Amino acid sequence: MQIVVALSCAAALLAACSGSGRKLISGYSPRVVANGQPIPKGGGRYKLGRPYKIAGKTYVPQRDPNYARTGIASWYGKDFHGRLTANGEVYDMHALSAAHKTLPLPSLVEVTNVQTGRRIVVRVNDRGPFAHGRIIDLSYRAATELGLARQGIGKVHVRYLGPAPL
């Protein structure tokens, strides 16, 4: 039960989106790396998790090898840099990573900017976004590579590629 509560809290804490310019809730996961210090790579764990509830909505993490969706992406940056992700890795806003509500952690997904056709592969190691209508939260670098950082959000196509190595 404590794990479910901890996961729910961690997911809720990551609900803010730097790209939107507003915070949906207050509080964050613990900062484990001080600003300006190098972010360690790896250290997480494979995680699917139990269903969890955020703002009255239930999310059911699951394996879906055919996952492919088009929708709105946002990004998160310095407020979360150096803090723990949902699978225990440390968030690095300069890495190609992302948060997703239900895919296994960590996973690899291909994200395509629908407007420009730019595409990249990112590592999903966190839960979110919990803002209405968004399907993925990208790291600052991923959003920059896709040309979405300046406007904060954009229409993308997300396709699951498989589990990511630890």
# chains A, B, ... in the order shown; residues from 1 in each chain; ligands from 1

$ residues_around --residues "stretch 32-43 of chain A" --least-positions-apart "5" --cutoff "7 Å" --atoms "only C-alpha atoms" --output "PyMOL selection string"
chain A and resi 82-84+88-90+92+166

$ residues_around --residues "stretch 122-129 of chain A" --least-positions-apart "5" --cutoff "7 Å" --atoms "only C-alpha atoms" --output "MDAnalysis selection string"
chainID A and resid 11 14:15 85:87 96:101 105:110 134:137 164

$ residues_around --residues "A:Tyr140" --least-positions-apart "2" --cutoff "12 Å" --atoms "only C-alpha atoms" --output "JSON, numbers by chain"
{"A": [17, 18, 19, 73, 74, 75, 76, 77, 78, 79, 80, 81, 91, 92, 93, 94, 95, 96, 97, 98, 99, 122, 137, 138, 142, 143, 144, 145, 146, 147, 148, 149, 150, 151, 152, 153]}

$ write_last_selection --atoms "C-alpha atoms" --output "PDB file, in the first residue's frame"
ATOM      1  CA  CYS A  17       4.773  21.534 -16.807  1.00  0.00           C
ATOM      2  CA  SER A  18       7.497  24.078 -17.356  1.00  0.00           C
ATOM      3  CA  GLY A  19       6.403  24.473 -20.958  1.00  0.00           C
ATOM      4  CA  ALA A  73       3.192  17.113 -25.979  1.00  0.00           C
ATOM      5  CA  SER A  74       4.494  19.493 -23.354  1.00  0.00           C
ATOM      6  CA  TRP A  75       7.894  19.716 -21.672  1.00  0.00           C
ATOM      7  CA  TYR A  76       9.373  20.006 -18.209  1.00  0.00           C
ATOM      8  CA  GLY A  77      12.716  21.486 -17.281  1.00  0.00           C
ATOM      9  CA  LYS A  78      14.725  23.109 -14.511  1.00  0.00           C
ATOM     10  CA  ASP A  79      12.155  22.765 -11.708  1.00  0.00           C
ATOM     11  CA  PHE A  80      12.582  18.985 -11.973  1.00  0.00           C
ATOM     12  CA  HIS A  81      16.272  18.810 -12.953  1.00  0.00           C
ATOM     13  CA  TYR A  91      15.751  13.614 -14.181  1.00  0.00           C
ATOM     14  CA  ASP A  92      18.164  15.365 -16.524  1.00  0.00           C
ATOM     15  CA  MET A  93      16.569  18.139 -18.557  1.00  0.00           C
ATOM     16  CA  HIS A  94      19.503  17.881 -20.996  1.00  0.00           C
ATOM     17  CA  ALA A  95      18.874  14.191 -21.781  1.00  0.00           C
ATOM     18  CA  LEU A  96      16.434  12.814 -24.350  1.00  0.00           C
ATOM     19  CA  SER A  97      13.786  11.596 -21.940  1.00  0.00           C
ATOM     20  CA  ALA A  98      10.065  11.855 -21.284  1.00  0.00           C
ATOM     21  CA  ALA A  99       7.164  11.126 -18.966  1.00  0.00           C
ATOM     22  CA  VAL A 122      13.410   9.303 -26.132  1.00  0.00           C
ATOM     23  CA  ASP A 137       5.887  15.327 -21.282  1.00  0.00           C
ATOM     24  CA  LEU A 138       9.285  15.766 -22.919  1.00  0.00           C
ATOM     25  CA  ALA A 142      13.774  16.565 -26.386  1.00  0.00           C
ATOM     26  CA  ALA A 143      11.375  19.493 -26.804  1.00  0.00           C
ATOM     27  CA  THR A 144      14.212  21.600 -28.215  1.00  0.00           C
ATOM     28  CA  GLU A 145      15.253  18.885 -30.681  1.00  0.00           C
ATOM     29  CA  LEU A 146      11.652  18.619 -31.889  1.00  0.00           C
ATOM     30  CA  GLY A 147      11.245  22.400 -32.148  1.00  0.00           C
ATOM     31  CA  LEU A 148       8.625  22.581 -29.372  1.00  0.00           C
ATOM     32  CA  ALA A 149      10.495  24.264 -26.519  1.00  0.00           C
ATOM     33  CA  ARG A 150       9.740  27.850 -27.498  1.00  0.00           C
ATOM     34  CA  GLN A 151       5.954  27.448 -27.778  1.00  0.00           C
ATOM     35  CA  GLY A 152       5.802  24.996 -24.841  1.00  0.00           C
ATOM     36  CA  ILE A 153       3.445  22.487 -26.446  1.00  0.00           C
TER      37      ILE A 153
END

$ atom_distance --atom1 "atom CA of A:Val121" --atom2 "atom CA of A:Ile72"
16.7 Å

$ select_by_dssp --residues "stretch 15-107 of chain A" --states "strand (DSSP E or B)" --output "number ranges by chain"
A: 17, 22, 31, 47, 52-54, 57-59, 68-76, 83-84, 90, 97-99, 105, 107

$ atom_distance --atom1 "atom CA of A:Leu48" --atom2 "atom CA of A:Val156"
23.6 Å

$ atom_distance --atom1 "atom CA of A:Gly49" --atom2 "atom CA of A:Pro104"
8.1 Å
